[in-house]
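Chemist: If it helps, the file is called model-v1.cif and holds mmCIF, C-alpha atoms (C1' of nucleotides):
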data_work
loop_
_atom_site.group_PDB
_atom_site.id
_atom_site.type_symbol
_atom_site.label_atom_id
_atom_site.label_comp_id
_atom_site.auth_asym_id
_atom_site.auth_seq_id
_atom_site.Cartn_x
_atom_site.Cartn_y
_atom_site.Cartn_z
ATOM 1 C CA MET J 30 9.652 3.218 13.328
ATOM 2 C CA THR J 31 12.877 5.007 12.780
ATOM 3 C CA ALA J 32 14.656 6.621 9.935
ATOM 4 C CA GLN J 33 16.947 5.507 7.269
ATOM 5 C CA ASN J 34 20.373 6.885 6.713
ATOM 6 C CA HIS J 35 22.445 4.853 4.399
ATOM 7 C CA PRO J 36 26.146 4.646 5.159
ATOM 8 C CA ALA J 37 28.343 7.401 3.840
ATOM 9 C CA PRO J 38 29.899 6.421 0.524
ATOM 10 C CA GLY J 39 33.614 6.062 0.705
ATOM 11 C CA ALA J 40 33.645 5.848 4.462
ATOM 12 C CA GLY J 41 36.501 3.727 5.689
ATOM 13 C CA GLY J 42 38.375 3.912 2.449
ATOM 14 C CA ALA J 43 36.801 0.774 1.005
ATOM 15 C CA GLN J 44 35.037 0.550 -2.330
ATOM 16 C CA ALA J 45 31.647 2.152 -1.900
ATOM 17 C CA CYS J 46 28.412 0.745 -3.191
ATOM 18 C CA PRO J 47 27.493 3.143 -6.037
ATOM 19 C CA ILE J 48 23.755 2.966 -5.525
ATOM 20 C CA THR J 49 23.669 4.197 -1.929
ATOM 21 C CA PRO J 50 23.127 7.857 -2.880
ATOM 22 C CA VAL J 51 20.047 6.897 -4.867
ATOM 23 C CA LEU J 52 18.581 5.006 -1.948
ATOM 24 C CA ASP J 53 18.377 8.111 0.196
ATOM 25 C CA ILE J 54 16.503 9.874 -2.579
ATOM 26 C CA VAL J 55 14.110 7.205 -3.752
ATOM 27 C CA PHE J 56 13.815 4.790 -0.830
ATOM 28 C CA SER J 57 13.781 7.058 2.163
ATOM 29 C CA ARG J 58 11.054 6.290 4.641
ATOM 30 C CA TRP J 59 7.530 6.990 3.349
ATOM 31 C CA THR J 60 8.738 8.155 -0.043
ATOM 32 C CA THR J 61 7.564 5.110 -1.947
ATOM 33 C CA PRO J 62 4.076 5.071 -0.388
ATOM 34 C CA ILE J 63 3.763 8.786 -1.134
ATOM 35 C CA LEU J 64 4.915 8.421 -4.729
ATOM 36 C CA TRP J 65 2.706 5.379 -5.137
ATOM 37 C CA THR J 66 -0.348 7.211 -3.842
ATOM 38 C CA LEU J 67 0.353 10.207 -6.064
ATOM 39 C CA HIS J 68 0.702 7.859 -9.020
ATOM 40 C CA GLN J 69 -2.510 5.967 -8.204
ATOM 41 C CA PHE J 70 -4.821 8.876 -7.390
ATOM 42 C CA GLY J 71 -3.146 11.614 -9.415
ATOM 43 C CA ARG J 72 -2.880 15.200 -8.261
ATOM 44 C CA GLN J 73 -4.087 15.563 -4.703
ATOM 45 C CA ARG J 74 -4.438 18.117 -1.937
ATOM 46 C CA PHE J 75 -2.542 17.753 1.312
ATOM 47 C CA VAL J 76 -5.388 16.335 3.370
ATOM 48 C CA GLU J 77 -6.405 13.874 0.656
ATOM 49 C CA LEU J 78 -2.832 12.671 0.401
ATOM 50 C CA ASN J 79 -2.646 12.392 4.161
ATOM 51 C CA ARG J 80 -5.711 10.126 4.168
ATOM 52 C CA ASN J 81 -4.698 8.078 1.143
ATOM 53 C CA VAL J 82 -1.151 7.309 2.201
ATOM 54 C CA GLY J 83 -2.334 5.662 5.382
ATOM 55 C CA THR J 84 -1.047 6.113 8.892
ATOM 56 C CA ILE J 85 1.395 8.926 8.191
ATOM 57 C CA THR J 86 1.132 12.003 10.410
ATOM 58 C CA ALA J 87 0.823 15.477 8.947
ATOM 59 C CA LYS J 88 4.188 16.542 10.272
ATOM 60 C CA VAL J 89 6.073 13.682 8.668
ATOM 61 C CA LEU J 90 4.112 14.019 5.448
ATOM 62 C CA THR J 91 5.158 17.649 5.260
ATOM 63 C CA GLN J 92 8.790 16.744 5.828
ATOM 64 C CA ARG J 93 8.803 14.028 3.180
ATOM 65 C CA LEU J 94 6.958 16.209 0.658
ATOM 66 C CA ARG J 95 9.524 18.988 1.150
ATOM 67 C CA GLN J 96 12.298 16.506 0.526
ATOM 68 C CA LEU J 97 10.594 15.109 -2.568
ATOM 69 C CA GLU J 98 9.951 18.640 -3.827
ATOM 70 C CA ARG J 99 13.574 19.603 -3.228
ATOM 71 C CA ASP J 100 14.765 16.540 -5.116
ATOM 72 C CA GLY J 101 12.475 17.466 -8.008
ATOM 73 C CA LEU J 102 10.373 14.310 -7.828
ATOM 74 C CA VAL J 103 7.173 16.071 -6.765
ATOM 75 C CA ILE J 104 5.642 19.394 -7.800
ATOM 76 C CA ARG J 105 3.864 21.527 -5.237
ATOM 77 C CA THR J 106 1.325 24.082 -6.409
ATOM 78 C CA TYR J 107 0.085 26.696 -3.954
ATOM 79 C CA HIS J 108 -3.220 28.450 -4.576
ATOM 80 C CA PRO J 109 -3.493 31.567 -2.354
ATOM 81 C CA GLU J 110 -7.192 31.191 -1.729
ATOM 82 C CA VAL J 111 -9.163 31.135 1.473
ATOM 83 C CA PRO J 112 -8.908 28.547 2.840
ATOM 84 C CA PRO J 113 -5.527 27.898 1.219
ATOM 85 C CA ARG J 114 -5.268 25.113 -1.301
ATOM 86 C CA VAL J 115 -2.124 23.172 -2.120
ATOM 87 C CA GLU J 116 -1.834 20.438 -4.686
ATOM 88 C CA TYR J 117 0.877 17.841 -5.129
ATOM 89 C CA GLU J 118 1.693 15.816 -8.210
ATOM 90 C CA ILE J 119 4.525 13.712 -9.580
ATOM 91 C CA SER J 120 7.016 15.539 -11.766
ATOM 92 C CA GLU J 121 8.451 14.290 -15.029
ATOM 93 C CA LEU J 122 11.601 13.335 -13.193
ATOM 94 C CA GLY J 123 9.498 11.369 -10.740
ATOM 95 C CA LEU J 124 7.833 9.546 -13.594
ATOM 96 C CA THR J 125 11.229 8.321 -14.803
ATOM 97 C CA LEU J 126 11.233 6.078 -11.740
ATOM 98 C CA ALA J 127 8.449 3.965 -13.265
ATOM 99 C CA PRO J 128 10.701 1.290 -14.844
ATOM 100 C CA LEU J 129 12.603 1.010 -11.573
ATOM 101 C CA PHE J 130 9.400 0.358 -9.672
ATOM 102 C CA ALA J 131 8.323 -2.040 -12.378
ATOM 103 C CA THR J 132 11.518 -4.040 -11.961
ATOM 104 C CA LEU J 133 10.888 -4.071 -8.230
ATOM 105 C CA THR J 134 7.340 -5.377 -8.584
ATOM 106 C CA THR J 135 8.380 -8.103 -10.992
ATOM 107 C CA TRP J 136 11.145 -9.221 -8.654
ATOM 108 C CA SER J 137 8.651 -9.121 -5.830
ATOM 109 C CA THR J 138 6.109 -11.326 -7.556
ATOM 110 C CA THR J 139 8.658 -13.829 -8.823
ATOM 111 C CA HIS J 140 11.005 -14.116 -5.842
ATOM 112 C CA LEU J 141 9.110 -13.061 -2.727
ATOM 113 C CA PRO J 142 7.767 -16.607 -2.215
ATOM 114 C CA GLU J 143 11.352 -17.887 -2.225
ATOM 115 C CA VAL J 144 12.209 -15.412 0.509
ATOM 116 C CA GLU J 145 9.231 -16.619 2.514
ATOM 117 C CA ARG J 146 10.324 -20.216 2.107
ATOM 118 C CA ALA J 147 13.895 -19.387 3.045
ATOM 119 C CA ARG J 148 12.616 -17.717 6.188
ATOM 120 C CA THR J 149 10.510 -20.645 7.320
ATOM 121 C CA THR J 150 13.296 -23.150 6.736
ATOM 122 C CA PHE J 151 15.749 -20.881 8.557
ATOM 123 C CA ASP J 152 13.371 -20.479 11.484
ATOM 124 C CA THR J 153 12.713 -24.200 11.762
ATOM 125 C CA THR J 154 16.357 -25.263 11.482
ATOM 126 C CA HIS J 155 17.540 -22.624 13.957
ATOM 127 C CA ALA J 156 14.853 -23.356 16.544
ATOM 128 C CA MET D 19 22.309 6.333 11.837
ATOM 129 C CA THR D 20 19.094 4.618 12.612
ATOM 130 C CA ALA D 21 17.075 1.809 11.221
ATOM 131 C CA GLN D 22 14.582 1.511 8.514
ATOM 132 C CA ASN D 23 11.109 0.224 9.007
ATOM 133 C CA HIS D 24 8.820 0.854 6.141
ATOM 134 C CA PRO D 25 5.170 1.503 6.906
ATOM 135 C CA ALA D 26 2.944 -1.467 7.414
ATOM 136 C CA PRO D 27 1.071 -2.319 4.234
ATOM 137 C CA GLY D 28 -2.641 -1.869 4.514
ATOM 138 C CA ALA D 29 -2.396 0.351 7.547
ATOM 139 C CA GLY D 30 -5.158 2.904 7.610
ATOM 140 C CA GLY D 31 -7.280 1.048 5.117
ATOM 141 C CA ALA D 32 -5.882 2.828 2.075
ATOM 142 C CA GLN D 33 -4.360 1.165 -0.958
ATOM 143 C CA ALA D 34 -0.903 0.018 0.043
ATOM 144 C CA CYS D 35 2.196 0.456 -2.028
ATOM 145 C CA PRO D 36 2.971 -3.108 -3.193
ATOM 146 C CA ILE D 37 6.727 -2.736 -3.147
ATOM 147 C CA THR D 38 7.123 -1.839 0.521
ATOM 148 C CA PRO D 39 7.666 -5.456 1.644
ATOM 149 C CA VAL D 40 10.569 -5.770 -0.783
ATOM 150 C CA LEU D 41 12.229 -2.644 0.561
ATOM 151 C CA ASP D 42 12.636 -4.140 4.010
ATOM 152 C CA ILE D 43 14.324 -7.160 2.455
ATOM 153 C CA VAL D 44 16.575 -5.575 -0.127
ATOM 154 C CA PHE D 45 17.041 -1.990 1.015
ATOM 155 C CA SER D 46 17.369 -2.297 4.747
ATOM 156 C CA ARG D 47 20.262 -0.393 6.214
ATOM 157 C CA TRP D 48 23.678 -1.745 5.232
ATOM 158 C CA THR D 49 22.230 -4.528 3.090
ATOM 159 C CA THR D 50 23.199 -2.998 -0.237
ATOM 160 C CA PRO D 51 26.801 -2.242 0.786
ATOM 161 C CA ILE D 52 27.097 -5.781 2.117
ATOM 162 C CA LEU D 53 25.661 -7.352 -1.020
ATOM 163 C CA TRP D 54 27.785 -5.065 -3.143
ATOM 164 C CA THR D 55 30.957 -6.023 -1.309
ATOM 165 C CA LEU D 56 30.125 -9.713 -1.540
ATOM 166 C CA HIS D 57 29.514 -9.284 -5.239
ATOM 167 C CA GLN D 58 32.744 -7.347 -5.810
ATOM 168 C CA PHE D 59 35.156 -9.445 -3.765
ATOM 169 C CA GLY D 60 33.393 -12.796 -3.884
ATOM 170 C CA ARG D 61 33.246 -15.207 -0.987
ATOM 171 C CA GLN D 62 34.744 -13.653 2.134
ATOM 172 C CA ARG D 63 35.356 -14.358 5.791
ATOM 173 C CA PHE D 64 33.711 -12.302 8.484
ATOM 174 C CA VAL D 65 36.702 -10.104 9.285
ATOM 175 C CA GLU D 66 37.455 -9.478 5.617
ATOM 176 C CA LEU D 67 33.863 -8.483 5.016
ATOM 177 C CA ASN D 68 33.974 -6.234 8.052
ATOM 178 C CA ARG D 69 36.990 -4.422 6.634
ATOM 179 C CA ASN D 70 35.721 -4.257 3.066
ATOM 180 C CA VAL D 71 32.249 -2.926 3.795
ATOM 181 C CA GLY D 72 33.704 0.118 5.499
ATOM 182 C CA THR D 73 32.681 1.634 8.797
ATOM 183 C CA ILE D 74 30.209 -1.026 9.859
ATOM 184 C CA THR D 75 30.666 -2.453 13.358
ATOM 185 C CA ALA D 76 30.880 -6.184 13.973
ATOM 186 C CA LYS D 77 27.613 -6.207 15.883
ATOM 187 C CA VAL D 78 25.604 -4.601 13.112
ATOM 188 C CA LEU D 79 27.336 -6.698 10.472
ATOM 189 C CA THR D 80 26.307 -9.825 12.344
ATOM 190 C CA GLN D 81 22.720 -8.624 12.579
ATOM 191 C CA ARG D 82 22.483 -7.774 8.881
ATOM 192 C CA LEU D 83 24.169 -11.036 7.815
ATOM 193 C CA ARG D 84 21.705 -13.025 9.922
ATOM 194 C CA GLN D 85 18.830 -11.209 8.273
ATOM 195 C CA LEU D 86 20.278 -11.731 4.789
ATOM 196 C CA GLU D 87 20.881 -15.388 5.560
ATOM 197 C CA ARG D 88 17.336 -15.806 6.856
ATOM 198 C CA ASP D 89 15.953 -14.190 3.728
ATOM 199 C CA GLY D 90 18.001 -16.576 1.604
ATOM 200 C CA LEU D 91 20.067 -13.856 -0.084
ATOM 201 C CA VAL D 92 23.365 -14.866 1.505
ATOM 202 C CA ILE D 93 24.863 -18.276 2.291
ATOM 203 C CA ARG D 94 26.893 -18.758 5.462
ATOM 204 C CA THR D 95 29.379 -21.623 5.628
ATOM 205 C CA TYR D 96 30.877 -22.577 8.970
ATOM 206 C CA HIS D 97 34.144 -24.499 9.079
ATOM 207 C CA PRO D 98 34.719 -25.967 12.575
ATOM 208 C CA GLU D 99 38.445 -25.413 12.582
ATOM 209 C CA VAL D 100 40.739 -23.694 15.032
ATOM 210 C CA PRO D 101 40.510 -20.792 14.881
ATOM 211 C CA PRO D 102 36.970 -21.054 13.476
ATOM 212 C CA ARG D 103 36.387 -19.995 9.904
ATOM 213 C CA VAL D 104 33.126 -18.664 8.497
ATOM 214 C CA GLU D 105 32.559 -17.696 4.904
ATOM 215 C CA TYR D 106 29.794 -15.663 3.353
ATOM 216 C CA GLU D 107 28.701 -15.567 -0.269
ATOM 217 C CA ILE D 108 25.738 -14.439 -2.323
ATOM 218 C CA SER D 109 23.114 -17.087 -3.011
ATOM 219 C CA GLU D 110 21.399 -17.735 -6.320
ATOM 220 C CA LEU D 111 18.383 -15.859 -5.024
ATOM 221 C CA GLY D 112 20.640 -12.965 -4.173
ATOM 222 C CA LEU D 113 22.041 -12.968 -7.686
ATOM 223 C CA THR D 114 18.540 -12.488 -9.092
ATOM 224 C CA LEU D 115 18.737 -8.953 -7.708
ATOM 225 C CA ALA D 116 21.330 -8.055 -10.329
ATOM 226 C CA PRO D 117 18.907 -6.579 -12.916
ATOM 227 C CA LEU D 118 17.285 -4.551 -10.163
ATOM 228 C CA PHE D 119 20.610 -3.049 -9.172
ATOM 229 C CA ALA D 120 21.416 -2.505 -12.831
ATOM 230 C CA THR D 121 18.216 -0.504 -13.266
ATOM 231 C CA LEU D 122 19.139 1.509 -10.201
ATOM 232 C CA THR D 123 22.606 2.340 -11.485
ATOM 233 C CA THR D 124 21.312 3.386 -14.898
ATOM 234 C CA TRP D 125 18.707 5.632 -13.294
ATOM 235 C CA SER D 126 21.424 7.012 -11.066
ATOM 236 C CA THR D 127 23.766 7.901 -13.906
ATOM 237 C CA THR D 128 21.048 9.397 -16.092
ATOM 238 C CA HIS D 129 18.942 11.278 -13.541
ATOM 239 C CA LEU D 130 21.099 12.024 -10.507
ATOM 240 C CA PRO D 131 22.392 15.257 -12.082
ATOM 241 C CA GLU D 132 18.786 16.404 -12.484
ATOM 242 C CA VAL D 133 18.215 15.793 -8.798
ATOM 243 C CA GLU D 134 21.297 17.833 -7.981
ATOM 244 C CA ARG D 135 20.079 20.688 -10.170
ATOM 245 C CA ALA D 136 16.619 20.549 -8.631
ATOM 246 C CA ARG D 137 18.186 20.776 -5.190
ATOM 247 C CA THR D 138 20.296 23.815 -5.973
ATOM 248 C CA THR D 139 17.392 25.687 -7.581
ATOM 249 C CA PHE D 140 15.161 24.788 -4.633
ATOM 250 C CA ASP D 141 17.759 25.951 -2.132
ATOM 251 C CA THR D 142 18.335 29.248 -3.942
ATOM 252 C CA THR D 143 14.649 30.060 -4.449
ATOM 253 C CA HIS D 144 13.739 29.167 -0.849
ATOM 254 C CA ALA D 145 16.587 31.126 0.727
ATOM 255 C "C1'" DT M 2 -19.971 33.457 19.916
ATOM 256 C "C1'" DA M 3 -17.969 29.394 18.770
ATOM 257 C "C1'" DT M 4 -16.538 25.860 16.008
ATOM 258 C "C1'" DA M 5 -14.619 23.663 11.898
ATOM 259 C "C1'" DG M 6 -11.527 23.475 7.904
ATOM 260 C "C1'" DT M 7 -6.919 24.354 5.511
ATOM 261 C "C1'" DA M 8 -1.758 23.743 5.283
ATOM 262 C "C1'" DG M 9 1.243 23.517 7.728
ATOM 263 C "C1'" DG M 10 5.019 25.221 11.878
ATOM 264 C "C1'" DT M 11 6.936 24.502 16.485
ATOM 265 C "C1'" DA M 12 8.086 22.522 21.079
ATOM 266 C "C1'" DC M 13 8.466 18.573 23.759
ATOM 267 C "C1'" DC M 14 8.964 13.689 24.490
ATOM 268 C "C1'" DT M 15 9.783 8.739 23.656
ATOM 269 C "C1'" DA M 16 11.273 4.452 21.544
ATOM 270 C "C1'" DG M 17 14.498 2.102 19.361
ATOM 271 C "C1'" DA M 18 18.315 1.550 16.152
ATOM 272 C "C1'" DG M 19 23.004 1.823 15.951
ATOM 273 C "C1'" DG M 20 27.884 2.855 17.712
ATOM 274 C "C1'" DA M 21 31.881 1.873 21.124
ATOM 275 C "C1'" DA M 22 34.082 -1.057 23.720
ATOM 276 C "C1'" DA M 23 34.597 -4.882 26.695
ATOM 277 C "C1'" DC M 24 34.177 -9.732 26.870
ATOM 278 C "C1'" DC M 25 34.125 -14.881 25.573
ATOM 279 C "C1'" DG M 26 35.553 -19.762 24.435
ATOM 280 C "C1'" DA M 27 38.477 -22.703 22.150
ATOM 281 C "C1'" DC M 28 42.901 -23.283 20.600
ATOM 282 C "C1'" DC M 29 47.899 -22.157 19.251
ATOM 283 C "C1'" DC M 30 52.425 -20.148 19.991
ATOM 284 C "C1'" DA M 31 56.255 -18.421 22.622
ATOM 285 C "C1'" DT R 20 51.673 -17.639 31.899
ATOM 286 C "C1'" DG R 21 50.529 -14.454 28.699
ATOM 287 C "C1'" DG R 22 49.096 -12.910 24.246
ATOM 288 C "C1'" DG R 23 46.905 -13.462 19.705
ATOM 289 C "C1'" DT R 24 43.079 -15.132 16.304
ATOM 290 C "C1'" DC R 25 38.267 -15.696 14.999
ATOM 291 C "C1'" DG R 26 33.412 -14.872 15.107
ATOM 292 C "C1'" DG R 27 30.731 -13.166 17.343
ATOM 293 C "C1'" DT R 28 27.867 -11.510 22.054
ATOM 294 C "C1'" DT R 29 26.816 -8.382 25.736
ATOM 295 C "C1'" DT R 30 26.518 -3.983 27.966
ATOM 296 C "C1'" DC R 31 26.054 0.699 27.882
ATOM 297 C "C1'" DC R 32 25.176 5.034 25.726
ATOM 298 C "C1'" DT R 33 23.866 8.380 22.237
ATOM 299 C "C1'" DC R 34 21.200 10.209 18.611
ATOM 300 C "C1'" DT R 35 17.327 11.199 16.139
ATOM 301 C "C1'" DA R 36 13.184 10.078 13.539
ATOM 302 C "C1'" DG R 37 8.717 10.310 14.494
ATOM 303 C "C1'" DG R 38 4.439 10.954 17.568
ATOM 304 C "C1'" DT R 39 1.465 14.215 20.397
ATOM 305 C "C1'" DA R 40 -0.157 18.452 21.224
ATOM 306 C "C1'" DC R 41 -0.774 23.130 20.322
ATOM 307 C "C1'" DC R 42 -0.285 27.325 17.336
ATOM 308 C "C1'" DT R 43 -1.199 30.488 13.102
ATOM 309 C "C1'" DA R 44 -4.708 33.537 9.729
ATOM 310 C "C1'" DC R 45 -8.809 33.682 7.578
ATOM 311 C "C1'" DT R 46 -13.544 32.420 6.363
ATOM 312 C "C1'" DA R 47 -17.916 30.034 6.436
ATOM 313 C "C1'" DT R 48 -21.367 28.077 9.045
ATOM 314 C "C1'" DA R 49 -24.455 27.305 12.936
#
Output the file's structure in the form of structure tokens.
Modeler:
Amino acid sequence: MTAQNHPAPGAGGAQACPITPVLDIVFSRWTTPILWTLHQFGRQRFVELNRNVGTITAKVLTQRLRQLERDGLVIRTYHPEVPPRVEYEISELGLTLAPLFATLTTWSTTHLPEVERARTTFDTTHA
Amino acid sequence: MTAQNHPAPGAGGAQACPITPVLDIVFSRWTTPILWTLHQFGRQRFVELNRNVGTITAKVLTQRLRQLERDGLVIRTYHPEVPPRVEYEISELGLTLAPLFATLTTWSTTHLPEVERARTTFDTTHA
DNA sequence: TATAGTAGGTACCTAGAGGAAACCGACCCA
DNA sequence: TGGGTCGGTTTCCTCTAGGTACCTACTATA
């Protein structure tokens, strides 16, 4: 699996797609599973999150959480105890993404079967 | 720039984010600029599209168009003339993405400044 | 003594996407 | 005979995200 860098807006002098900057913020790799897990299970510690998200490694999870924290979508709370305890939760700004995700899920449920059908017909006709 | 492969759903046994399959269809690299250009300029030939999208190379444009065609979001029409002529346009299924993109643009205009502010405060406090 | 747990940080390495550029086949024009 | 157009395809090369492994400081437990 590799990363995602959306094309630079305005590159080449052509009209640039206006939503590309948002994609790097919201739809970078692993960001949606992380946000989804935080939304499902609520505030979680690092190791919990690591288990709940799935196959993500600790290093990448740290990187993505830093990015999400920098973008203001996730709040990190550090408790200087022993052993140290860190908790992550979705910020208010992160919660404003809810209608966007809702639109995505509705599109998914209504139109994903059409995509599947288009794929099978394409694969059979281009055999 | 590298590719985008979103994590496999269900990997690791945890609850999987339900929107990840859609991301690979709609938000793969270059797909949104391509769809945007097709939407802005209407039906276009390959070379036109290549120029209008921006810095994309012909090889990658071909790959992405094949994927979009396979997913049923784009319609390819081949005219066996000399020199050959191929036209691309958005399908009806592709047009159903419009509300999704609209939601994205509204979120962008309303909340992107907050992201910028969060970034500057993060960068100054973590200097 | 030794091991485990916590929340990462760091160094090294690999796989694979994507870019650059050359090439192609059919035809037209000069 | 050579060059140009169109829609790609092929070859080669680079870049980098992400994986593996190992490290910290401190405590509790066995």
Chemist: Give me the result of the PyMOL selection byres ((chain M and resi 9-14) around 12) on this file, residue by residue, as a list in words.
Modeler: Phe75, Val76, Thr86, Ala87, Lys88, Val89, Leu90, Thr91, Gln92, Leu94, Arg95, Pro113, Arg114 and Val115 of chain J; DT7, DA8, DT15 and DA16 of chain M; DG37, DG38, DT39, DA40, DC41, DC42, DT43 and DA44 of chain R
Chemist: Report the distance between CA of Ser126 (chain D) and CA of Ile119 (chain J) in Å, rounded to one decimal place.
Modeler: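 According to the coordinates, CA of Ser126 (chain D) and CA of Ile119 (chain J) are separated by 18.2 Å.
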Chemist: Enumerate as a PyMOL selection string the residues belonging to chain M that approach chain D to within 9 Å, with all atoms listed in the file taken into account.
Modeler: chain M and resi 17-21+27-29
Chemist: Taking C-alpha atoms (C1' of nucleotides) for each residue, export the selection above as an mmCIF file, keeping the file's coordinate frame.
Modeler:
data_model
loop_
_atom_site.group_PDB
_atom_site.id
_atom_site.type_symbol
_atom_site.label_atom_id
_atom_site.label_comp_id
_atom_site.auth_asym_id
_atom_site.auth_seq_id
_atom_site.Cartn_x
_atom_site.Cartn_y
_atom_site.Cartn_z
ATOM 1 C "C1'" DG M 17 14.498 2.102 19.361
ATOM 2 C "C1'" DA M 18 18.315 1.550 16.152
ATOM 3 C "C1'" DG M 19 23.004 1.823 15.951
ATOM 4 C "C1'" DG M 20 27.884 2.855 17.712
ATOM 5 C "C1'" DA M 21 31.881 1.873 21.124
ATOM 6 C "C1'" DA M 27 38.477 -22.703 22.150
ATOM 7 C "C1'" DC M 28 42.901 -23.283 20.600
ATOM 8 C "C1'" DC M 29 47.899 -22.157 19.251
#
Chemist: Counting all atoms listed in the file, which residues of chain R sit at most 8 Å from some atom of chain D, and what is each one's closest atom pair with its distance in Å to one decimal, listed by chain and rising residue number, as a Markdown table?
Modeler:
| residue | atom | partner | partner_atom | distance |
| --- | --- | --- | --- | --- |
| R:DT24 | C1' | D:Pro101 | CA | 6.4 |
| R:DC25 | C1' | D:Pro101 | CA | 5.6 |
| R:DG26 | C1' | D:Phe64 | CA | 7.1 |
| R:DG27 | C1' | D:Thr80 | CA | 7.5 |
| R:DC34 | C1' | D:Met19 | CA | 7.9 |
| R:DT35 | C1' | D:Thr20 | CA | 7.7 |
Chemist: Can you tell me, as a VMD selection string, what residues are no more than 9 Å from Leu129 (chain J) when counting only C-alpha atoms (C1' of nucleotides), ignoring any on the same chain fewer than 5 positions away?
Modeler: (chain J and resid 134) or (chain D and resid 118 121 to 122 125)
Chemist: Using the chain letters and residue numbers of this document, give as a list in words the residues selected by the PyMOL selection byres ((chain R and resi 47) around 10).
Modeler: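 Written out, the selection comes to Pro112 of chain J; DA5 and DG6 of chain M; DC45, DT46, DT48 and DA49 of chain R.
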Chemist: Compile the contact shell of Tyr117 (chain J) as a list in words: residues with an atom at most 10 Å away, counting only C-alpha atoms (C1' of nucleotides), same-chain residues fewer than 2 positions apart removed.
Modeler: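 So the residues in contact are Leu67, Gly71, Arg72, Gln73, Arg74, Phe75, Leu78, Leu94, Glu98, Val103, Ile104, Arg105, Thr106, Tyr107, Val115, Ile119 and Ser120 of chain J.
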Chemist: Based on the selection just made, write C-alpha atoms of those residues as a short mmCIF file (atom, residue, chain, number, x, y, z; two decimals), in the frame of the given file.
Modeler:
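Produced file part01.cif, reproduced below:
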data_model
loop_
_atom_site.label_atom_id
_atom_site.label_comp_id
_atom_site.auth_asym_id
_atom_site.auth_seq_id
_atom_site.Cartn_x
_atom_site.Cartn_y
_atom_site.Cartn_z
CA LEU J 67 0.35 10.21 -6.06
CA GLY J 71 -3.15 11.61 -9.41
CA ARG J 72 -2.88 15.20 -8.26
CA GLN J 73 -4.09 15.56 -4.70
CA ARG J 74 -4.44 18.12 -1.94
CA PHE J 75 -2.54 17.75 1.31
CA LEU J 78 -2.83 12.67 0.40
CA LEU J 94 6.96 16.21 0.66
CA GLU J 98 9.95 18.64 -3.83
CA VAL J 103 7.17 16.07 -6.76
CA ILE J 104 5.64 19.39 -7.80
CA ARG J 105 3.86 21.53 -5.24
CA THR J 106 1.32 24.08 -6.41
CA TYR J 107 0.08 26.70 -3.95
CA VAL J 115 -2.12 23.17 -2.12
CA ILE J 119 4.53 13.71 -9.58
CA SER J 120 7.02 15.54 -11.77
#
Chemist: Between J:Thr139, J:Phe151, J:Ile54, J:Leu64, single out the one closest to chain D, counting all atoms listed in the file.
Modeler: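 Of J:Thr139, J:Phe151, J:Ile54, J:Leu64, the one nearest chain D, counting all atoms listed in the file, is J:Phe151.
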Chemist: Can you work out the spacing between CA of His140 (chain J) and CA of Gly83 (chain J) in Å, to one decimal?
Modeler: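 Separation between CA of His140 (chain J) and CA of Gly83 (chain J): 26.4 Å.
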Chemist: Kindly indicate which residue among D:Arg135, D:His97, D:Arg88, D:Arg82 lies nearest to chain J, using all atoms listed in the file for the distances.
Modeler: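 Of the candidates, the smallest distance to chain J is held by D:Arg88.
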Chemist: Find the residue from D:Val44, D:Pro36, D:Ala145, D:Pro98 that sits nearest to Val144 (chain J); use all atoms listed in the file when measuring.
Modeler: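 With all atoms listed in the file as the atom set, the closest residue is D:Val44.
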Chemist: Please enumerate the residues selected by the PyMOL selection byres ((chain D and resi 71) around 9) when evaluated against the supplied file, formatted as an MDAnalysis selection string.
Modeler: (chainID J and resid 40:41 43:46) or (chainID D and resid 48 51:52 54:56 66:70 72:74)
Chemist: CA of Gln58 (chain D) and CA of Arg148 (chain J), how far apart in Å?
Modeler: 25.6 Å
Chemist: If you count all atoms listed in the file, which residues fall within 12 Å of DA23 (chain M), apart from same-chain ones fewer than 6 positions away, as an mmCIF file with C-alpha atoms (C1' of nucleotides), in the coordinates of the input?
Modeler:
data_model
loop_
_atom_site.group_PDB
_atom_site.id
_atom_site.type_symbol
_atom_site.label_atom_id
_atom_site.label_comp_id
_atom_site.auth_asym_id
_atom_site.auth_seq_id
_atom_site.Cartn_x
_atom_site.Cartn_y
_atom_site.Cartn_z
ATOM 1 C "C1'" DT R 28 27.867 -11.510 22.054
ATOM 2 C "C1'" DT R 29 26.816 -8.382 25.736
ATOM 3 C "C1'" DT R 30 26.518 -3.983 27.966
ATOM 4 C "C1'" DC R 31 26.054 0.699 27.882
#
Chemist: Would you mind telling me which residue in D:Pro131, D:Ala136, D:Glu105, D:Thr49 lies nearest to chain J when using only C-alpha atoms?
Modeler: D:Ala136
